[in-house]
Amino acid sequence: MSSDPGTPLHFPVKMRPEILALPAYKQGLAAPTGFKLSSNENPFDPLPGVLDAVDAATRQLHRYPNAAAPEITARLAAEWGVENDEVIVAAGSVALLVQFALASAGHGDEVVYSWRSFEVYPWMTVLPGATAVPVANTPDHRHDLVAMAAAITDRTRLVIVNSPNNPTSTVVTKTEFETFMAAVPSDLLVILDEAYAEFVTDADAVNGRELVGRYPNLVILRTFSKAYGLAGLRIGYGIGPAPILGAARTTITPLSLTDHAQVAAIASLDRSEELHERVANIAARRETVWQALVAMGCDVPRPHGNFVWFPTGDHTTEALEVFRSHDITARAYLPDGVRLTIGEEESVENVLAAAEKIARLIG
Ligand SMILES: Cc1ncc(COP(=O)(O)O)c(C=O)c1O
């Protein structure tokens with residue numbers, strides 16, 4: 001019997017066909033050698049204090065974690081100037097995205113997002129049986145918020161805005177976002193996914209921090225995986241109206257958020273000065289790389305996250321190979337392009353050498 005999930009007729013037990021047809025989530029490739037620039041990770045070690053905090057938590061491994069996450073919740077509430085019940089914490093913002101999808105959209109409902117964007121959006125839409133409504137990015141690789149607003153129907157239950165957008169690294173402006181929110185019904189949930197917010201230096205870009213308390217239907221998602229460098233521990237959070245977060249709390253996988261992740265997040269927040277230095281360092285490296293790419297004729301949109309988008313189109317597989325031949329593992333998004341993380345300082349020379357070849361390849 002075939003074990004190919006693409007042939008549900010021959011599947012050994014009765015299961016949901018839309019789930020069997022769904023490709024499993026694929027992460028950025030591991031790098032056998034050289035630089036791993038395929039997962040938008042942080043090249044720095046964990047911030048000072050994090051390893052000690054995690055070590056102490058490890059001594060309690062025989063206990064379940066505190067699922068209510070009171071300390072990190074209170075800390076985030078204080079940082080954002082909100083009440084504790086306006087904060088939701090989970091094992092990564094991916095977990096939160098799934099929780100909000102389960103809480104908001106059922107069979108026959110629609111989820112609107114920009115495309116190309118984070119590959120989790122189509123996947124998380126299928127889990128509750130909802131229908132994806134992807135709206136094409138603009139030719140300059142940005143969200144088309146006017147088209148997204150126009151794509152909303154009476155079946156829409158969730159709209160996701162991603163800024164900076166993964167993988168194109170473009171941002172939505174404050175004005176665009178405000179105009180969009182004015183066009184969206186106030187009883188429709190909007191998630192602003194800001195996984196890379198800390199890397200943004202453009203003052204015109206939307207910033208969830210300035211939107212807190214302004215909309216009854218807006219949830220802002222942030223993560224400790226990127227700027228804070230805790231990707232391996234899995235912790236992200238949302239800020240939004242208490243009733244919406246309350247609904248999402250009921251769809252959590254119980255006890256999935258570890259104490260290790262909670263204490264590591266608190267220890268990281270205690271080191272905000274070092275964090276800002278590291279983020280500034282990566283943002284400056286991104287700027288240097290982008291300017292060099294533009295100077296060599298690469299058609300690369302201005303990046304705002306810790307990554308750069310090469311719209312290599314039909315040349316995507318070749319471009320990936322060029323990076324590989326320069327000891328760099330990047331991430332291909334067939335048939336559109338290649339995403340490359342801004343990583344270690346030592347990787348920059350290889351990145352630029354590869355990019356020069358890619359620029360020639362594309363012509
Ligand atoms: C746009 C976006 N949102 C959310 C996430 C998920 O982050 P986390 O590690 O918190 O699950 C990512 C990770 O790549 C991302 O790119």
# chains A, B, ... in the order shown; residues from 1 in each chain; ligands from 1

call {"tool": "residues_around", "arguments": {"residues": "Leu257 of chain A", "least_positions_apart": "2", "cutoff": "7 Å", "atoms": "only C-alpha atoms", "output": "PyMOL selection string"}}
result
chain A and resi 67+90-91+255+259+261

call {"tool": "write_last_selection", "arguments": {"atoms": "N, CA and C atoms", "output": "compact mmCIF listing (two decimals), in the first residue's frame"}}
result
# COMPACT_ATOMS: atom_id res chain seq x y z
N ALA A 67 2.06 26.61 33.63
CA ALA A 67 1.38 26.95 32.37
C ALA A 67 0.85 28.38 32.36
N ALA A 90 3.17 31.93 24.53
CA ALA A 90 3.08 30.53 24.09
C ALA A 90 4.43 30.07 23.57
N ALA A 91 4.48 28.81 23.18
CA ALA A 91 5.73 28.20 22.72
C ALA A 91 6.05 28.65 21.30
N LEU A 255 0.47 22.99 28.47
CA LEU A 255 1.81 22.76 29.04
C LEU A 255 2.93 22.75 28.01
N ASP A 259 9.19 26.11 31.39
CA ASP A 259 9.75 27.07 32.36
C ASP A 259 11.08 27.62 31.84
N ALA A 261 11.96 28.32 28.82
CA ALA A 261 11.70 29.42 27.89
C ALA A 261 11.28 30.67 28.66

call {"tool": "residues_near_ligand", "arguments": {"ligand": "ligand 1", "cutoff": "10 Å", "atoms": "only C-alpha atoms and all ligand atoms", "output": "JSON, numbers by chain"}}
result
{"A": [27, 28, 39, 40, 41, 90, 91, 92, 93, 94, 95, 96, 97, 117, 118, 119, 120, 121, 160, 161, 162, 163, 164, 165, 166, 167, 169, 192, 193, 194, 195, 196, 197, 221, 222, 223, 224, 225, 226, 229, 230, 231, 232, 233, 234, 235, 236, 237, 305]}

call {"tool": "write_last_selection", "arguments": {"atoms": "C-alpha atoms", "output": "PDB file, in the first residue's frame"}}
result
ATOM      1  CA  GLN A  27      12.295  24.564   8.164  1.00  0.00           C
ATOM      2  CA  GLY A  28      15.370  26.211   6.628  1.00  0.00           C
ATOM      3  CA  SER A  39      16.360  30.338   9.116  1.00  0.00           C
ATOM      4  CA  ASN A  40      16.599  34.031  10.082  1.00  0.00           C
ATOM      5  CA  GLU A  41      18.355  33.076  13.282  1.00  0.00           C
ATOM      6  CA  ALA A  90       3.080  30.531  24.095  1.00  0.00           C
ATOM      7  CA  ALA A  91       5.731  28.200  22.724  1.00  0.00           C
ATOM      8  CA  GLY A  92       6.655  30.490  19.829  1.00  0.00           C
ATOM      9  CA  SER A  93       4.556  32.887  17.812  1.00  0.00           C
ATOM     10  CA  VAL A  94       3.866  30.008  15.424  1.00  0.00           C
ATOM     11  CA  ALA A  95       1.947  28.372  18.274  1.00  0.00           C
ATOM     12  CA  LEU A  96       0.021  31.607  18.775  1.00  0.00           C
ATOM     13  CA  LEU A  97      -0.814  31.872  15.079  1.00  0.00           C
ATOM     14  CA  SER A 117       4.671  35.753   3.092  1.00  0.00           C
ATOM     15  CA  PHE A 118       5.349  33.448   6.039  1.00  0.00           C
ATOM     16  CA  GLU A 119       4.747  29.856   4.897  1.00  0.00           C
ATOM     17  CA  VAL A 120       2.947  29.061   8.159  1.00  0.00           C
ATOM     18  CA  TYR A 121      -0.081  31.195   7.141  1.00  0.00           C
ATOM     19  CA  ILE A 160      -2.760  38.630   8.939  1.00  0.00           C
ATOM     20  CA  VAL A 161      -0.402  41.516   8.237  1.00  0.00           C
ATOM     21  CA  ASN A 162       3.294  40.689   8.421  1.00  0.00           C
ATOM     22  CA  SER A 163       5.743  43.562   8.849  1.00  0.00           C
ATOM     23  CA  PRO A 164       8.628  43.176   8.148  1.00  0.00           C
ATOM     24  CA  ASN A 165       7.335  40.574   5.736  1.00  0.00           C
ATOM     25  CA  ASN A 166       9.020  37.178   5.701  1.00  0.00           C
ATOM     26  CA  PRO A 167      10.592  36.483   3.212  1.00  0.00           C
ATOM     27  CA  SER A 169      11.839  41.936   4.274  1.00  0.00           C
ATOM     28  CA  LEU A 192      -0.037  42.181  13.051  1.00  0.00           C
ATOM     29  CA  ASP A 193       2.832  39.675  13.005  1.00  0.00           C
ATOM     30  CA  GLU A 194       5.956  41.599  13.962  1.00  0.00           C
ATOM     31  CA  ALA A 195       8.437  38.754  14.461  1.00  0.00           C
ATOM     32  CA  TYR A 196      11.252  40.998  13.180  1.00  0.00           C
ATOM     33  CA  ALA A 197      10.110  44.344  14.634  1.00  0.00           C
ATOM     34  CA  LEU A 221       2.517  39.197  17.776  1.00  0.00           C
ATOM     35  CA  ARG A 222       6.166  39.291  18.799  1.00  0.00           C
ATOM     36  CA  THR A 223       8.767  36.599  19.401  1.00  0.00           C
ATOM     37  CA  PHE A 224      11.916  35.948  21.409  1.00  0.00           C
ATOM     38  CA  SER A 225      13.258  33.781  18.544  1.00  0.00           C
ATOM     39  CA  LYS A 226      14.806  36.459  16.359  1.00  0.00           C
ATOM     40  CA  GLY A 229      18.138  34.796  19.961  1.00  0.00           C
ATOM     41  CA  LEU A 230      15.992  32.241  21.800  1.00  0.00           C
ATOM     42  CA  ALA A 231      14.734  30.337  18.733  1.00  0.00           C
ATOM     43  CA  GLY A 232      15.669  26.978  20.239  1.00  0.00           C
ATOM     44  CA  LEU A 233      13.632  27.506  23.407  1.00  0.00           C
ATOM     45  CA  ARG A 234      10.325  28.462  21.731  1.00  0.00           C
ATOM     46  CA  ILE A 235       8.651  31.488  23.232  1.00  0.00           C
ATOM     47  CA  GLY A 236       6.566  34.227  21.635  1.00  0.00           C
ATOM     48  CA  TYR A 237       3.754  36.489  22.797  1.00  0.00           C
ATOM     49  CA  GLY A 305      14.239  42.469   9.000  1.00  0.00           C
TER      50      GLY A 305
END

call {"tool": "select_by_dssp", "arguments": {"residues": "segment 18-224 of chain A", "states": "strand (DSSP E or B)", "output": "VMD selection string"}}
result
chain A and resid 35 to 36 87 to 90 110 to 115 131 to 136 156 to 162 173 189 to 193 205 218 to 223

call {"tool": "write_last_selection", "arguments": {"atoms": "N, CA and C atoms", "output": "mmCIF file, in the first residue's frame"}}
result
data_model
loop_
_atom_site.group_PDB
_atom_site.id
_atom_site.type_symbol
_atom_site.label_atom_id
_atom_site.label_comp_id
_atom_site.auth_asym_id
_atom_site.auth_seq_id
_atom_site.Cartn_x
_atom_site.Cartn_y
_atom_site.Cartn_z
ATOM 1 N N PHE A 35 28.155 28.725 6.515
ATOM 2 C CA PHE A 35 27.245 29.611 7.249
ATOM 3 C C PHE A 35 25.789 29.217 7.009
ATOM 4 N N LYS A 36 25.060 29.052 8.111
ATOM 5 C CA LYS A 36 23.634 28.730 7.989
ATOM 6 C C LYS A 36 22.839 30.034 7.993
ATOM 7 N N VAL A 87 -1.997 40.132 27.642
ATOM 8 C CA VAL A 87 -0.760 39.483 27.174
ATOM 9 C C VAL A 87 -1.032 37.991 27.077
ATOM 10 N N ILE A 88 -0.597 37.381 25.980
ATOM 11 C CA ILE A 88 -0.672 35.917 25.854
ATOM 12 C C ILE A 88 0.721 35.425 25.467
ATOM 13 N N VAL A 89 1.168 34.371 26.155
ATOM 14 C CA VAL A 89 2.512 33.835 25.901
ATOM 15 C C VAL A 89 2.360 32.373 25.492
ATOM 16 N N ALA A 90 3.170 31.934 24.534
ATOM 17 C CA ALA A 90 3.080 30.531 24.095
ATOM 18 C C ALA A 90 4.434 30.074 23.568
ATOM 19 N N GLU A 110 -12.860 32.273 6.032
ATOM 20 C CA GLU A 110 -11.702 32.664 5.224
ATOM 21 C C GLU A 110 -10.649 33.394 6.053
ATOM 22 N N VAL A 111 -9.404 33.144 5.654
ATOM 23 C CA VAL A 111 -8.268 33.818 6.284
ATOM 24 C C VAL A 111 -7.512 34.551 5.181
ATOM 25 N N VAL A 112 -7.381 35.860 5.337
ATOM 26 C CA VAL A 112 -6.739 36.693 4.311
ATOM 27 C C VAL A 112 -5.319 37.023 4.760
ATOM 28 N N TYR A 113 -4.372 36.842 3.840
ATOM 29 C CA TYR A 113 -2.986 37.242 4.121
ATOM 30 C C TYR A 113 -2.320 37.593 2.802
ATOM 31 N N SER A 114 -1.175 38.250 2.923
ATOM 32 C CA SER A 114 -0.418 38.637 1.744
ATOM 33 C C SER A 114 0.424 37.455 1.284
ATOM 34 N N TRP A 115 0.709 37.390 0.009
ATOM 35 C CA TRP A 115 1.523 36.286 -0.502
ATOM 36 C C TRP A 115 2.410 36.759 -1.631
ATOM 37 N N THR A 131 -10.493 28.461 4.724
ATOM 38 C CA THR A 131 -10.034 28.646 3.347
ATOM 39 C C THR A 131 -9.073 29.822 3.285
ATOM 40 N N ALA A 132 -7.944 29.579 2.625
ATOM 41 C CA ALA A 132 -6.934 30.629 2.503
ATOM 42 C C ALA A 132 -7.305 31.592 1.388
ATOM 43 N N VAL A 133 -7.136 32.882 1.661
ATOM 44 C CA VAL A 133 -7.327 33.903 0.622
ATOM 45 C C VAL A 133 -6.019 34.702 0.525
ATOM 46 N N PRO A 134 -5.059 34.179 -0.256
ATOM 47 C CA PRO A 134 -3.792 34.906 -0.400
ATOM 48 C C PRO A 134 -3.958 36.070 -1.363
ATOM 49 N N VAL A 135 -3.392 37.196 -1.007
ATOM 50 C CA VAL A 135 -3.481 38.392 -1.858
ATOM 51 C C VAL A 135 -2.074 38.732 -2.331
ATOM 52 N N ALA A 136 -1.907 38.822 -3.649
ATOM 53 C CA ALA A 136 -0.557 38.985 -4.219
ATOM 54 C C ALA A 136 0.133 40.241 -3.704
ATOM 55 N N THR A 156 -14.846 36.202 6.087
ATOM 56 C CA THR A 156 -13.485 36.399 6.600
ATOM 57 C C THR A 156 -13.521 36.447 8.129
ATOM 58 N N ARG A 157 -12.637 35.679 8.736
ATOM 59 C CA ARG A 157 -12.582 35.665 10.204
ATOM 60 C C ARG A 157 -11.231 36.132 10.734
ATOM 61 N N LEU A 158 -10.222 36.178 9.859
ATOM 62 C CA LEU A 158 -8.886 36.546 10.313
ATOM 63 C C LEU A 158 -8.120 37.150 9.138
ATOM 64 N N VAL A 159 -7.413 38.258 9.431
ATOM 65 C CA VAL A 159 -6.515 38.857 8.436
ATOM 66 C C VAL A 159 -5.147 38.958 9.101
ATOM 67 N N ILE A 160 -4.108 38.557 8.370
ATOM 68 C CA ILE A 160 -2.760 38.630 8.939
ATOM 69 C C ILE A 160 -1.937 39.623 8.132
ATOM 70 N N VAL A 161 -1.332 40.559 8.851
ATOM 71 C CA VAL A 161 -0.402 41.516 8.237
ATOM 72 C C VAL A 161 0.963 41.224 8.829
ATOM 73 N N ASN A 162 1.960 41.056 7.954
ATOM 74 C CA ASN A 162 3.294 40.689 8.421
ATOM 75 C C ASN A 162 4.274 41.808 8.053
ATOM 76 N N THR A 173 3.759 50.662 5.991
ATOM 77 C CA THR A 173 3.968 51.952 6.667
ATOM 78 C C THR A 173 2.852 52.193 7.692
ATOM 79 N N LEU A 189 -10.982 39.989 13.313
ATOM 80 C CA LEU A 189 -9.670 39.904 13.958
ATOM 81 C C LEU A 189 -8.540 40.176 12.956
ATOM 82 N N VAL A 190 -7.678 41.102 13.322
ATOM 83 C CA VAL A 190 -6.464 41.385 12.537
ATOM 84 C C VAL A 190 -5.257 41.053 13.413
ATOM 85 N N ILE A 191 -4.341 40.266 12.866
ATOM 86 C CA ILE A 191 -3.078 39.993 13.562
ATOM 87 C C ILE A 191 -1.982 40.751 12.834
ATOM 88 N N LEU A 192 -1.236 41.539 13.600
ATOM 89 C CA LEU A 192 -0.037 42.181 13.051
ATOM 90 C C LEU A 192 1.148 41.364 13.546
ATOM 91 N N ASP A 193 1.723 40.565 12.644
ATOM 92 C CA ASP A 193 2.832 39.675 13.005
ATOM 93 C C ASP A 193 4.137 40.455 12.836
ATOM 94 N N ALA A 205 7.745 53.012 9.356
ATOM 95 C CA ALA A 205 7.193 51.648 9.390
ATOM 96 C C ALA A 205 6.208 51.510 10.544
ATOM 97 N N LEU A 218 -7.424 44.200 17.144
ATOM 98 C CA LEU A 218 -6.029 44.015 16.717
ATOM 99 C C LEU A 218 -5.208 43.278 17.777
ATOM 100 N N VAL A 219 -4.481 42.236 17.315
ATOM 101 C CA VAL A 219 -3.523 41.537 18.174
ATOM 102 C C VAL A 219 -2.140 41.674 17.541
ATOM 103 N N ILE A 220 -1.180 42.047 18.367
ATOM 104 C CA ILE A 220 0.204 42.210 17.895
ATOM 105 C C ILE A 220 1.001 40.995 18.345
ATOM 106 N N LEU A 221 1.705 40.363 17.415
ATOM 107 C CA LEU A 221 2.517 39.197 17.776
ATOM 108 C C LEU A 221 3.993 39.536 17.729
ATOM 109 N N ARG A 222 4.709 39.128 18.747
ATOM 110 C CA ARG A 222 6.166 39.291 18.799
ATOM 111 C C ARG A 222 6.788 37.963 19.220
ATOM 112 N N THR A 223 8.100 37.853 19.051
ATOM 113 C CA THR A 223 8.767 36.599 19.401
ATOM 114 C C THR A 223 10.120 36.857 20.047
#

call {"tool": "residues_around", "arguments": {"residues": "segment 289-302 of chain A", "least_positions_apart": "5", "cutoff": "9 Å", "atoms": "only C-alpha atoms", "output": "number ranges by chain"}}
result
A: 140-141, 168-170, 284, 308-312, 342, 348, 351-352, 355-356, 358-360, 362-363

call {"tool": "closest_residue", "arguments": {"among": "A:Thr138, A:Thr288, A:Thr73, A:Thr317", "to": "Glu345 of chain A", "atoms": "only C-alpha atoms"}}
result
A:Thr288

call {"tool": "closest_residue", "arguments": {"among": "A:Ser325, A:Ser38, A:Thr175, A:Thr250", "to": "Asp204 of chain A", "atoms": "only C-alpha atoms"}}
result
A:Thr175

call {"tool": "select_by_dssp", "arguments": {"residues": "segment 148-321 of chain A", "states": "helix (DSSP H, G or I)", "output": "PyMOL selection string"}}
result
chain A and resi 148-150+174-183+197-199+208-210+242-249+259-269+272-295+313-321

call {"tool": "atom_distance", "arguments": {"atom1": "atom CA of Val263 of chain A", "atom2": "atom CA of Ala53 of chain A"}}
result
5.9 Å

call {"tool": "atom_distance", "arguments": {"atom1": "atom CA of Glu176 of chain A", "atom2": "atom CA of Leu211 of chain A"}}
result
13.3 Å

call {"tool": "atom_distance", "arguments": {"atom1": "atom CA of Met124 of chain A", "atom2": "atom CA of Leu102 of chain A"}}
result
8.4 Å

call {"tool": "closest_residue", "arguments": {"among": "A:Leu37, A:Pro17, A:Val172, A:Pro48", "to": "Asp270 of chain A", "atoms": "only C-alpha atoms"}}
result
A:Pro48

call {"tool": "closest_residue", "arguments": {"among": "A:Gly34, A:Ala242, A:Arg278, A:Gly108", "to": "His326 of chain A", "atoms": "only C-alpha atoms"}}
result
A:Gly34

call {"tool": "residues_around", "arguments": {"residues": "Gln262 of chain A", "least_positions_apart": "6", "cutoff": "8 Å", "atoms": "only C-alpha atoms", "output": "list in words"}}
result
Ala69, Glu71, Ile72 and Ile235 of chain A

call {"tool": "closest_residue", "arguments": {"among": "A:Val200, A:Ser256, A:Thr179, A:Glu344", "to": "Pro65 of chain A", "atoms": "only C-alpha atoms"}}
result
A:Ser256
